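Colleague: target.cif is reproduced below (mmCIF, C-alpha atoms).
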```
data_final
loop_
_atom_site.group_PDB
_atom_site.id
_atom_site.type_symbol
_atom_site.label_atom_id
_atom_site.label_comp_id
_atom_site.auth_asym_id
_atom_site.auth_seq_id
_atom_site.Cartn_x
_atom_site.Cartn_y
_atom_site.Cartn_z
ATOM 1 C CA MET A 1051 0.000 0.000 0.000
ATOM 2 C CA GLU A 1052 1.237 3.517 -0.666
ATOM 3 C CA ASN A 1053 2.870 5.380 2.180
ATOM 4 C CA THR A 1054 1.842 8.929 2.930
ATOM 5 C CA PRO A 1055 3.214 11.671 5.184
ATOM 6 C CA PRO A 1056 1.392 12.198 8.477
ATOM 7 C CA ALA A 1057 -1.997 13.598 7.635
ATOM 8 C CA ARG A 1058 -2.793 17.209 8.368
ATOM 9 C CA HIS A 1059 -6.485 16.833 9.104
ATOM 10 C CA PRO A 1060 -8.843 19.593 8.069
ATOM 11 C CA ALA A 1061 -10.231 21.915 10.697
ATOM 12 C CA PRO A 1062 -13.331 20.524 12.404
ATOM 13 C CA GLY A 1063 -15.588 22.998 10.674
ATOM 14 C CA SER A 1064 -14.384 21.962 7.211
ATOM 15 C CA GLN A 1065 -14.486 18.202 7.488
ATOM 16 C CA GLY A 1066 -17.332 15.763 7.303
ATOM 17 C CA ALA A 1067 -19.325 17.434 4.556
ATOM 18 C CA ARG A 1068 -19.167 14.226 2.532
ATOM 19 C CA GLY A 1069 -20.233 11.881 5.307
ATOM 20 C CA ARG A 1070 -19.020 9.820 8.259
ATOM 21 C CA VAL A 1071 -16.827 6.751 7.705
ATOM 22 C CA LEU A 1072 -15.846 4.158 10.310
ATOM 23 C CA VAL A 1073 -12.448 2.539 9.583
ATOM 24 C CA VAL A 1074 -11.900 -0.805 11.332
ATOM 25 C CA ASP A 1075 -8.360 -2.207 11.079
ATOM 26 C CA ASP A 1076 -5.947 -3.484 13.714
ATOM 27 C CA ASP A 1077 -2.900 -2.527 11.623
ATOM 28 C CA PRO A 1078 -1.999 1.004 12.774
ATOM 29 C CA THR A 1079 -0.050 1.751 9.583
ATOM 30 C CA VAL A 1080 -2.903 0.798 7.291
ATOM 31 C CA ALA A 1081 -5.444 2.576 9.488
ATOM 32 C CA GLU A 1082 -3.398 5.782 9.601
ATOM 33 C CA VAL A 1083 -3.045 5.895 5.824
ATOM 34 C CA VAL A 1084 -6.725 5.163 5.156
ATOM 35 C CA VAL A 1085 -7.907 7.659 7.778
ATOM 36 C CA GLY A 1086 -5.574 10.343 6.408
ATOM 37 C CA TYR A 1087 -6.745 9.940 2.824
ATOM 38 C CA LEU A 1088 -10.416 9.945 3.810
ATOM 39 C CA HIS A 1089 -9.950 13.050 5.969
ATOM 40 C CA ARG A 1090 -8.328 14.886 3.089
ATOM 41 C CA ALA A 1091 -11.186 13.793 0.840
ATOM 42 C CA GLY A 1092 -13.592 15.592 3.177
ATOM 43 C CA TYR A 1093 -14.973 12.767 5.315
ATOM 44 C CA THR A 1094 -15.407 12.635 9.067
ATOM 45 C CA VAL A 1095 -13.565 9.469 10.076
ATOM 46 C CA GLU A 1096 -13.755 7.348 13.222
ATOM 47 C CA GLN A 1097 -11.406 4.465 13.893
ATOM 48 C CA ALA A 1098 -11.543 1.124 15.715
ATOM 49 C CA GLY A 1099 -8.891 -1.562 16.109
ATOM 50 C CA ASP A 1100 -11.052 -4.619 16.758
ATOM 51 C CA GLY A 1101 -14.576 -5.978 16.364
ATOM 52 C CA PRO A 1102 -16.040 -5.097 19.790
ATOM 53 C CA ALA A 1103 -14.694 -1.528 19.573
ATOM 54 C CA ALA A 1104 -16.120 -1.234 16.049
ATOM 55 C CA LEU A 1105 -19.588 -2.308 17.203
ATOM 56 C CA THR A 1106 -19.450 0.163 20.102
ATOM 57 C CA ARG A 1107 -18.543 3.052 17.806
ATOM 58 C CA PHE A 1108 -21.109 1.916 15.257
ATOM 59 C CA ALA A 1109 -23.854 2.021 17.885
ATOM 60 C CA ALA A 1110 -22.756 5.382 19.285
ATOM 61 C CA HIS A 1111 -22.347 7.199 15.978
ATOM 62 C CA ARG A 1112 -24.029 5.464 13.060
ATOM 63 C CA PRO A 1113 -21.637 5.902 10.090
ATOM 64 C CA ASP A 1114 -22.620 6.421 6.479
ATOM 65 C CA LEU A 1115 -20.124 3.728 5.436
ATOM 66 C CA VAL A 1116 -17.757 1.226 7.074
ATOM 67 C CA VAL A 1117 -14.291 0.248 5.802
ATOM 68 C CA LEU A 1118 -13.888 -3.102 7.530
ATOM 69 C CA ASP A 1119 -10.798 -5.305 7.752
ATOM 70 C CA LEU A 1120 -11.553 -9.021 7.552
ATOM 71 C CA MET A 1121 -8.765 -10.285 9.822
ATOM 72 C CA LEU A 1122 -9.474 -8.742 13.214
ATOM 73 C CA PRO A 1123 -8.636 -9.943 16.746
ATOM 74 C CA ALA A 1124 -11.449 -11.279 18.944
ATOM 75 C CA MET A 1125 -14.085 -11.097 16.206
ATOM 76 C CA ASP A 1126 -13.524 -11.357 12.447
ATOM 77 C CA GLY A 1127 -14.909 -8.937 9.891
ATOM 78 C CA PHE A 1128 -17.618 -11.363 8.734
ATOM 79 C CA GLU A 1129 -19.156 -11.433 12.218
ATOM 80 C CA VAL A 1130 -18.779 -7.664 12.665
ATOM 81 C CA CYS A 1131 -20.531 -7.081 9.336
ATOM 82 C CA ARG A 1132 -23.322 -9.494 10.238
ATOM 83 C CA ARG A 1133 -23.961 -7.770 13.571
ATOM 84 C CA MET A 1134 -23.964 -4.344 11.970
ATOM 85 C CA ARG A 1135 -26.464 -5.540 9.392
ATOM 86 C CA GLU A 1136 -28.827 -6.562 12.179
ATOM 87 C CA HIS A 1137 -29.389 -2.858 12.837
ATOM 88 C CA GLY A 1138 -30.265 -2.045 9.240
ATOM 89 C CA PRO A 1139 -28.487 -1.550 5.923
ATOM 90 C CA VAL A 1140 -25.175 0.285 5.933
ATOM 91 C CA PRO A 1141 -22.642 0.264 3.077
ATOM 92 C CA VAL A 1142 -19.575 -1.860 3.890
ATOM 93 C CA ILE A 1143 -16.269 -2.104 2.044
ATOM 94 C CA MET A 1144 -14.239 -5.097 3.223
ATOM 95 C CA LEU A 1145 -10.487 -4.605 3.384
ATOM 96 C CA THR A 1146 -8.214 -7.634 3.564
ATOM 97 C CA ALA A 1147 -5.070 -9.363 2.374
ATOM 98 C CA ARG A 1148 -7.013 -12.580 1.755
ATOM 99 C CA GLY A 1149 -7.660 -12.470 -1.972
ATOM 100 C CA ASP A 1150 -8.940 -15.985 -2.562
ATOM 101 C CA GLU A 1151 -12.169 -16.120 -4.551
ATOM 102 C CA GLU A 1152 -13.864 -18.071 -1.754
ATOM 103 C CA ASP A 1153 -13.115 -15.278 0.730
ATOM 104 C CA ARG A 1154 -14.284 -12.579 -1.686
ATOM 105 C CA ILE A 1155 -17.542 -14.401 -2.279
ATOM 106 C CA LEU A 1156 -18.068 -15.022 1.438
ATOM 107 C CA GLY A 1157 -17.489 -11.319 2.123
ATOM 108 C CA LEU A 1158 -20.012 -10.312 -0.521
ATOM 109 C CA GLU A 1159 -22.519 -12.874 0.711
ATOM 110 C CA THR A 1160 -22.167 -11.453 4.212
ATOM 111 C CA GLY A 1161 -23.483 -8.219 2.788
ATOM 112 C CA ALA A 1162 -20.362 -6.258 1.833
ATOM 113 C CA ASP A 1163 -20.854 -3.785 -1.004
ATOM 114 C CA ASP A 1164 -17.249 -3.991 -2.158
ATOM 115 C CA TYR A 1165 -14.109 -5.997 -1.429
ATOM 116 C CA VAL A 1166 -10.609 -4.440 -1.642
ATOM 117 C CA THR A 1167 -7.516 -6.634 -1.384
ATOM 118 C CA LYS A 1168 -4.248 -5.510 0.235
ATOM 119 C CA PRO A 1169 -1.928 -4.124 -0.995
ATOM 120 C CA PHE A 1170 -4.118 -1.416 -2.485
ATOM 121 C CA SER A 1171 -4.039 2.184 -3.620
ATOM 122 C CA PRO A 1172 -5.526 4.495 -0.969
ATOM 123 C CA ARG A 1173 -6.631 6.849 -3.728
ATOM 124 C CA GLU A 1174 -8.598 4.027 -5.329
ATOM 125 C CA LEU A 1175 -10.131 3.139 -1.967
ATOM 126 C CA VAL A 1176 -11.359 6.735 -1.640
ATOM 127 C CA LEU A 1177 -12.897 6.478 -5.119
ATOM 128 C CA ARG A 1178 -14.663 3.282 -4.091
ATOM 129 C CA VAL A 1179 -15.966 4.938 -0.932
ATOM 130 C CA ASP A 1180 -17.247 7.811 -3.089
ATOM 131 C CA SER A 1181 -18.910 5.392 -5.501
ATOM 132 C CA VAL A 1182 -20.586 3.185 -2.878
ATOM 133 C CA LEU A 1183 -21.903 6.194 -0.945
ATOM 134 C CA ARG A 1184 -23.142 7.905 -4.099
ATOM 135 C CA ARG A 1185 -25.155 4.842 -5.077
ATOM 136 C CA ALA A 1186 -26.460 4.339 -1.532
ATOM 137 C CA ARG A 1187 -27.716 7.907 -1.413
ATOM 138 C CA ALA A 1188 -29.165 7.782 -4.908
ATOM 139 C CA ALA A 1189 -31.105 4.683 -3.839
ATOM 140 C CA VAL A 1190 -33.229 6.819 -1.498
ATOM 141 C CA PRO A 1191 -36.113 7.893 -3.751
ATOM 142 C CA ALA A 1192 -38.273 10.956 -3.579
ATOM 143 C CA ASP A 1193 -41.635 10.685 -1.851
ATOM 144 C CA GLY A 1194 -44.313 9.278 -4.099
ATOM 145 C CA ALA A 1195 -41.935 7.034 -6.076
ATOM 146 C CA ALA A 1196 -43.949 4.557 -8.103
ATOM 147 C CA LEU A 1197 -44.418 1.045 -6.783
ATOM 148 C CA LEU A 1198 -42.809 -1.733 -8.812
ATOM 149 C CA SER A 1199 -44.490 -5.084 -9.298
ATOM 150 C CA GLY A 1200 -44.709 -8.152 -11.488
ATOM 151 C CA GLY A 1201 -44.227 -11.911 -11.373
ATOM 152 C CA GLY A 1202 -45.480 -12.067 -7.794
ATOM 153 C CA LEU A 1203 -42.936 -9.429 -6.728
ATOM 154 C CA SER A 1204 -43.731 -5.987 -5.365
ATOM 155 C CA LEU A 1205 -41.322 -3.260 -4.279
ATOM 156 C CA ASP A 1206 -41.989 0.014 -2.518
ATOM 157 C CA PRO A 1207 -38.934 2.197 -3.309
ATOM 158 C CA ALA A 1208 -39.924 4.907 -0.840
ATOM 159 C CA ALA A 1209 -40.266 2.489 2.073
ATOM 160 C CA ARG A 1210 -37.434 0.235 0.843
ATOM 161 C CA GLN A 1211 -39.669 -2.808 1.293
ATOM 162 C CA ALA A 1212 -39.972 -5.824 -0.982
ATOM 163 C CA TYR A 1213 -42.471 -8.682 -1.104
ATOM 164 C CA ARG A 1214 -42.865 -12.003 -2.877
ATOM 165 C CA ASP A 1215 -46.487 -13.192 -3.002
ATOM 166 C CA GLY A 1216 -47.237 -10.921 -0.054
ATOM 167 C CA ARG A 1217 -44.357 -12.252 2.033
ATOM 168 C CA GLY A 1218 -41.736 -9.751 3.137
ATOM 169 C CA LEU A 1219 -38.225 -10.205 1.747
ATOM 170 C CA ALA A 1220 -35.105 -9.463 3.796
ATOM 171 C CA LEU A 1221 -32.944 -7.823 1.139
ATOM 172 C CA THR A 1222 -29.639 -6.031 1.612
ATOM 173 C CA LEU A 1223 -29.284 -2.529 0.209
ATOM 174 C CA ARG A 1224 -27.619 -3.766 -2.976
ATOM 175 C CA GLU A 1225 -29.986 -6.703 -3.450
ATOM 176 C CA PHE A 1226 -32.906 -4.284 -3.251
ATOM 177 C CA ASP A 1227 -31.292 -1.955 -5.823
ATOM 178 C CA LEU A 1228 -30.584 -4.860 -8.154
ATOM 179 C CA LEU A 1229 -34.133 -6.194 -7.982
ATOM 180 C CA ALA A 1230 -35.599 -2.700 -8.435
ATOM 181 C CA PHE A 1231 -33.460 -2.170 -11.536
ATOM 182 C CA LEU A 1232 -34.532 -5.484 -13.052
ATOM 183 C CA LEU A 1233 -38.193 -4.734 -12.306
ATOM 184 C CA ARG A 1234 -37.848 -1.420 -14.113
ATOM 185 C CA HIS A 1235 -36.534 -3.250 -17.194
ATOM 186 C CA PRO A 1236 -38.414 -6.571 -17.426
ATOM 187 C CA GLY A 1237 -37.596 -8.814 -20.357
ATOM 188 C CA LYS A 1238 -34.313 -7.036 -21.151
ATOM 189 C CA VAL A 1239 -30.985 -8.828 -20.948
ATOM 190 C CA PHE A 1240 -28.146 -7.158 -19.043
ATOM 191 C CA GLY A 1241 -24.533 -8.291 -18.935
ATOM 192 C CA ARG A 1242 -22.554 -8.172 -15.721
ATOM 193 C CA GLU A 1243 -20.653 -5.078 -16.859
ATOM 194 C CA GLU A 1244 -23.946 -3.260 -17.499
ATOM 195 C CA LEU A 1245 -25.361 -4.267 -14.129
ATOM 196 C CA MET A 1246 -22.191 -3.189 -12.350
ATOM 197 C CA ARG A 1247 -22.359 0.184 -14.074
ATOM 198 C CA GLU A 1248 -26.108 0.759 -13.654
ATOM 199 C CA VAL A 1249 -26.669 -0.712 -10.174
ATOM 200 C CA TRP A 1250 -23.290 -0.259 -8.479
ATOM 201 C CA GLY A 1251 -22.238 2.847 -10.401
ATOM 202 C CA TRP A 1252 -18.806 1.339 -11.110
ATOM 203 C CA ASP A 1253 -16.905 1.388 -14.373
ATOM 204 C CA PHE A 1254 -14.390 -1.067 -12.908
ATOM 205 C CA GLY A 1255 -14.349 -3.812 -10.310
ATOM 206 C CA ASP A 1256 -14.675 -7.529 -9.676
ATOM 207 C CA LEU A 1257 -17.525 -8.902 -11.804
ATOM 208 C CA SER A 1258 -18.027 -11.761 -9.342
ATOM 209 C CA THR A 1259 -19.780 -9.125 -7.226
ATOM 210 C CA VAL A 1260 -22.689 -9.268 -9.675
ATOM 211 C CA THR A 1261 -22.637 -13.067 -9.817
ATOM 212 C CA VAL A 1262 -22.868 -13.379 -6.036
ATOM 213 C CA HIS A 1263 -25.707 -10.880 -5.735
ATOM 214 C CA ILE A 1264 -27.691 -12.577 -8.499
ATOM 215 C CA ARG A 1265 -27.305 -15.906 -6.693
ATOM 216 C CA ARG A 1266 -28.333 -14.415 -3.349
ATOM 217 C CA LEU A 1267 -31.294 -12.650 -4.909
ATOM 218 C CA ARG A 1268 -32.471 -15.867 -6.548
ATOM 219 C CA GLY A 1269 -32.320 -17.554 -3.173
ATOM 220 C CA LYS A 1270 -34.811 -15.014 -1.844
ATOM 221 C CA VAL A 1271 -37.232 -14.487 -4.744
ATOM 222 C CA GLU A 1272 -37.328 -17.827 -6.562
ATOM 223 C CA THR A 1273 -39.634 -20.646 -5.499
ATOM 224 C CA ASP A 1274 -36.822 -23.047 -6.384
ATOM 225 C CA PRO A 1275 -33.452 -21.245 -6.780
ATOM 226 C CA ALA A 1276 -32.052 -24.329 -8.568
ATOM 227 C CA ARG A 1277 -34.737 -23.838 -11.254
ATOM 228 C CA PRO A 1278 -34.951 -20.043 -11.586
ATOM 229 C CA ARG A 1279 -38.068 -18.818 -13.374
ATOM 230 C CA LEU A 1280 -37.812 -15.106 -12.650
ATOM 231 C CA ILE A 1281 -34.148 -14.138 -12.875
ATOM 232 C CA ARG A 1282 -33.023 -16.117 -15.891
ATOM 233 C CA THR A 1283 -29.538 -16.640 -17.281
ATOM 234 C CA VAL A 1284 -29.118 -15.885 -20.965
ATOM 235 C CA TRP A 1285 -26.184 -18.114 -21.779
ATOM 236 C CA GLY A 1286 -23.048 -16.158 -22.699
ATOM 237 C CA VAL A 1287 -24.818 -12.781 -22.398
ATOM 238 C CA GLY A 1288 -26.159 -12.044 -18.929
ATOM 239 C CA TYR A 1289 -29.398 -12.004 -16.941
ATOM 240 C CA ARG A 1290 -33.037 -11.220 -17.670
ATOM 241 C CA LEU A 1291 -36.076 -10.773 -15.425
ATOM 242 C CA ASP A 1292 -39.041 -12.739 -16.770
ATOM 243 C CA LEU A 1293 -42.304 -11.591 -15.205
ATOM 244 C CA GLU A 1294 -44.218 -14.252 -17.134
ATOM 245 C CA GLU A 1295 -42.791 -17.256 -15.335
ATOM 246 C CA GLY A 1296 -41.889 -20.004 -17.756
ATOM 247 C CA PRO A 1297 -40.419 -23.436 -17.107
ATOM 248 C CA GLY A 1298 -37.028 -23.190 -15.495
ATOM 249 C CA THR A 1299 -34.188 -25.609 -16.030
ATOM 250 C CA PRO A 1300 -31.930 -27.094 -13.335
ATOM 251 C CA ALA A 1301 -28.936 -25.974 -15.379
ATOM 252 C CA ASP A 1302 -29.834 -22.299 -15.155
ATOM 253 C CA ALA A 1303 -28.178 -21.670 -11.799
ATOM 254 C CA ASP A 1304 -25.073 -23.641 -12.732
ATOM 255 C CA ARG A 1305 -24.831 -21.909 -16.079
ATOM 256 C CA ALA A 1306 -24.936 -18.552 -14.354
ATOM 257 C CA GLY A 1307 -21.710 -19.191 -12.503
ATOM 258 C CA ALA A 1308 -20.001 -21.033 -15.349
ATOM 259 C CA GLY A 1309 -21.044 -18.426 -17.884
ATOM 260 C CA ASP A 1310 -19.780 -15.605 -15.683
ATOM 261 C CA ARG A 1311 -16.424 -17.279 -15.250
ATOM 262 C CA ARG A 1312 -16.172 -17.741 -18.997
ATOM 263 C CA ASP A 1313 -17.394 -14.275 -19.986
ATOM 264 C CA GLY A 1314 -15.499 -12.217 -17.406
ATOM 265 C CA ALA A 1315 -11.843 -11.561 -16.809
ATOM 266 C CA ASP A 1316 -9.985 -13.128 -13.922
ATOM 267 C CA PRO A 1317 -11.576 -11.471 -10.848
ATOM 268 C CA ALA A 1318 -8.233 -11.381 -9.085
ATOM 269 C CA ALA A 1319 -6.877 -9.173 -11.876
ATOM 270 C CA ALA A 1320 -9.844 -6.843 -11.968
ATOM 271 C CA VAL A 1321 -8.529 -4.348 -9.400
ATOM 272 C CA PRO A 1322 -5.069 -2.798 -9.839
ATOM 273 C CA VAL A 1323 -2.951 -2.668 -6.710
ATOM 274 C CA VAL A 1324 0.093 -0.696 -5.692
ATOM 275 C CA PRO A 1325 2.971 -2.691 -4.180
ATOM 276 C CA PRO A 1326 3.682 -1.695 -0.578
ATOM 277 C CA THR A 1327 6.683 0.519 0.110
ATOM 278 C CA GLY A 1328 6.398 0.460 3.866
ATOM 279 C CA GLY A 1329 4.399 -0.895 6.760
ATOM 280 C CA ARG A 1330 3.189 -4.439 6.931
ATOM 281 C CA SER A 1331 0.666 -6.345 4.872
ATOM 282 C CA ARG A 1332 -1.312 -9.260 6.210
#
```
Any chance you could put this one into structure tokens?
Modeller:
Amino acid sequence: MENTPPARHPAPGSQGARGRVLVVDDDPTVAEVVVGYLHRAGYTVEQAGDGPAALTRFAAHRPDLVVLDLMLPAMDGFEVCRRMREHGPVPVIMLTARGDEEDRILGLETGADDYVTKPFSPRELVLRVDSVLRRARAAVPADGAALLSGGGLSLDPAARQAYRDGRGLALTLREFDLLAFLLRHPGKVFGREELMREVWGWDFGDLSTVTVHIRRLRGKVETDPARPRLIRTVWGVGYRLDLEEGPGTPADADRAGAGDRRDGADPAAAVPVVPPTGGRSR
């Protein structure tokens, strides 16, 4: 990760206009760099070095976004994220040296909105914070936003509530945005790059993010996720929401993952990193 001189934090009256960020990392070097860059970008930043401290600060001052290290003492980032999510949706960017695909997918399935692998560019992390917050804020609609419905699904964008055949759905912030987008464009096929751009607001990133969220969303809206009839895979192209439920095929779910691996670039190469010049990397 890039080194940076000790941060000269803005005066209290000038900082925080862009929002409050909680940085959770037990590596003081990494934390200092991340906090410094976010301060200079105009954010109010709080810091915690372990899971229990993070949950205490989260409860005391609800942040707009959390930058959360995966490898923490006493309580790992997965558990911290899960407990935070119990109090409602909050954007989370997971920060870790563990770059295996299994760990990335587990982090996303826990509810993380993004996953940044060490070593990383602090400037890029700030851009990702900007992007995730921008999308989270844009997801709050004006009063009177039209209800969305079809195929047994109904969404109330103003209340951020979703239902399947009258049964409430427990959707994360990004799952809700993804389903709302598909309901606004029924019958149209979208590739992963399009969905990442339109739903996440990213022009770059790990395309497995989309794959994981599609799989999680199917698990919540499909009668049989192994035979998806609503969120269909168009082989070699992307995904389509079919409001007129037709016969699903058991291969649909498998093809989704296989097709994504074939169509997309290596997820591990999707995010450029900057080799560390100081400090430690875990």
Colleague: Could you check the closest approach to Gly1092 (chain A) for each of A:Leu1158, A:Met1144, A:Leu1198, A:Val1176 and tell me which residue wins, using all atoms listed in the file?
Modeller: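 Distance minimum relative to Gly1092 (chain A) lands on A:Val1176.
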Colleague: In Å, with one decimal, what is the gap from CA of Leu1118 (chain A) to CA of Asp1164 (chain A)?
Modeller: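 Going from CA of Leu1118 (chain A) over to CA of Asp1164 (chain A) covers 10.3 Å.
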Colleague: I need the residue nearest Lys1238 (chain A) from this list: A:Leu1177, A:Leu1291, A:Met1134, A:Ala1103. Use all atoms listed in the file for the distance.
Modeller: A:Leu1291
Colleague: Could you tell me, as a list in words, exactly which residues end up selected when the PyMOL selection byres ((chain A and resi 1244-1255) around 9) is applied to this structure?
Modeller: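 When the PyMOL selection byres ((chain A and resi 1244-1255) around 9) is applied, the selected residues are Asp1163, Asp1164, Arg1178, Ser1181, Val1182, Arg1184, Arg1185, Ala1186, Arg1224, Asp1227, Leu1228, Phe1231, Phe1240, Gly1241, Arg1242, Glu1243, Asp1256, Leu1257, Ser1258, Thr1259, Val1260, Pro1317, Ala1320 and Val1321 of chain A.
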Colleague: Atoms to include: C-alpha atoms. Write the selected residues as a PDB file, in the frame of the given file.
Modeller:
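Ended up saving to selection_21.pdb:
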```pdb
ATOM      1  CA  ASP A1163     -20.854  -3.785  -1.004  1.00  0.00           C
ATOM      2  CA  ASP A1164     -17.249  -3.991  -2.158  1.00  0.00           C
ATOM      3  CA  ARG A1178     -14.663   3.282  -4.091  1.00  0.00           C
ATOM      4  CA  SER A1181     -18.910   5.392  -5.501  1.00  0.00           C
ATOM      5  CA  VAL A1182     -20.586   3.185  -2.878  1.00  0.00           C
ATOM      6  CA  ARG A1184     -23.142   7.905  -4.099  1.00  0.00           C
ATOM      7  CA  ARG A1185     -25.155   4.842  -5.077  1.00  0.00           C
ATOM      8  CA  ALA A1186     -26.460   4.339  -1.532  1.00  0.00           C
ATOM      9  CA  ARG A1224     -27.619  -3.766  -2.976  1.00  0.00           C
ATOM     10  CA  ASP A1227     -31.292  -1.955  -5.823  1.00  0.00           C
ATOM     11  CA  LEU A1228     -30.584  -4.860  -8.154  1.00  0.00           C
ATOM     12  CA  PHE A1231     -33.460  -2.170 -11.536  1.00  0.00           C
ATOM     13  CA  PHE A1240     -28.146  -7.158 -19.043  1.00  0.00           C
ATOM     14  CA  GLY A1241     -24.533  -8.291 -18.935  1.00  0.00           C
ATOM     15  CA  ARG A1242     -22.554  -8.172 -15.721  1.00  0.00           C
ATOM     16  CA  GLU A1243     -20.653  -5.078 -16.859  1.00  0.00           C
ATOM     17  CA  ASP A1256     -14.675  -7.529  -9.676  1.00  0.00           C
ATOM     18  CA  LEU A1257     -17.525  -8.902 -11.804  1.00  0.00           C
ATOM     19  CA  SER A1258     -18.027 -11.761  -9.342  1.00  0.00           C
ATOM     20  CA  THR A1259     -19.780  -9.125  -7.226  1.00  0.00           C
ATOM     21  CA  VAL A1260     -22.689  -9.268  -9.675  1.00  0.00           C
ATOM     22  CA  PRO A1317     -11.576 -11.471 -10.848  1.00  0.00           C
ATOM     23  CA  ALA A1320      -9.844  -6.843 -11.968  1.00  0.00           C
ATOM     24  CA  VAL A1321      -8.529  -4.348  -9.400  1.00  0.00           C
TER      25      VAL A1321
END
```
Colleague: Interatomic distance between CA of His1111 (chain A) and CA of Arg1068 (chain A)?
Modeller: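 Going from CA of His1111 (chain A) over to CA of Arg1068 (chain A), I get 15.5 Å.
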Colleague: For this file, the PyMOL selection byres ((chain A and resi 1098-1100) around 12) selects which residues, as a PyMOL selection string?
Modeller: chain A and resi 1071-1082+1085+1095-1097+1101-1108+1116-1127+1129-1130
Colleague: Could you pull the residues within 9 Å of region 1263-1272 of chain A, counting all atoms listed in the file, minus those fewer than 4 positions along the same chain, as a list in words?
Modeller: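 Those residues are Leu1158, Glu1159, Leu1203, Tyr1213, Arg1214, Leu1219, Ala1220, Leu1221, Arg1224, Glu1225, Phe1226, Leu1228, Leu1229, Ser1258, Thr1259, Ala1276, Arg1277, Pro1278, Arg1279, Leu1280, Ile1281, Tyr1289, Ala1303, Ala1306 and Gly1307 of chain A.
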Colleague: Using CA of Gly1237 (chain A) and CA of Asp1292 (chain A) as the two end points, give the distance in Å to one decimal.
Modeller: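 The value is 5.5 Å.
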Colleague: Starting from the PyMOL selection byres ((chain A and resi 1175) around 10), expand the selection into actual residues of this file and give them as a PyMOL selection string.
Modeller: chain A and resi 1084+1087-1088+1117+1143+1145+1165-1166+1170-1174+1176-1181
Colleague: Identify which of the residues A:Val1142, A:Arg1070, A:Glu1136, A:Leu1293 lies closest to Pro1113 (chain A), counting all atoms listed in the file when measuring atom-to-atom distances.
Modeller: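 So, comparing all the options, the nearest one is A:Arg1070.
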Colleague: Kindly indicate which residue among A:Gly1286, A:Pro1207, A:Gly1216, A:Gly1201 lies nearest to Val1239 (chain A), using all atoms listed in the file for the distances.
Modeller: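 Ranking A:Gly1286, A:Pro1207, A:Gly1216, A:Gly1201 by distance to Val1239 (chain A), first place goes to A:Gly1286.
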Colleague: Which polymer residues, whether protein, DNA or RNA, lie within 9 Å of the coordinate (-37.2, -0.1, -1.3) when you count all atoms listed in the file? List them as a PDB file with C-alpha atoms, in the coordinates of the input, using the chain letters and numbers from the file.
Modeller:
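That gives us selection_16.pdb:
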```pdb
ATOM      1  CA  ALA A1189     -31.105   4.683  -3.839  1.00  0.00           C
ATOM      2  CA  VAL A1190     -33.229   6.819  -1.498  1.00  0.00           C
ATOM      3  CA  PRO A1191     -36.113   7.893  -3.751  1.00  0.00           C
ATOM      4  CA  LEU A1205     -41.322  -3.260  -4.279  1.00  0.00           C
ATOM      5  CA  ASP A1206     -41.989   0.014  -2.518  1.00  0.00           C
ATOM      6  CA  PRO A1207     -38.934   2.197  -3.309  1.00  0.00           C
ATOM      7  CA  ALA A1208     -39.924   4.907  -0.840  1.00  0.00           C
ATOM      8  CA  ALA A1209     -40.266   2.489   2.073  1.00  0.00           C
ATOM      9  CA  ARG A1210     -37.434   0.235   0.843  1.00  0.00           C
ATOM     10  CA  GLN A1211     -39.669  -2.808   1.293  1.00  0.00           C
ATOM     11  CA  ALA A1212     -39.972  -5.824  -0.982  1.00  0.00           C
ATOM     12  CA  LEU A1223     -29.284  -2.529   0.209  1.00  0.00           C
ATOM     13  CA  PHE A1226     -32.906  -4.284  -3.251  1.00  0.00           C
ATOM     14  CA  ASP A1227     -31.292  -1.955  -5.823  1.00  0.00           C
ATOM     15  CA  ALA A1230     -35.599  -2.700  -8.435  1.00  0.00           C
TER      16      ALA A1230
END
```
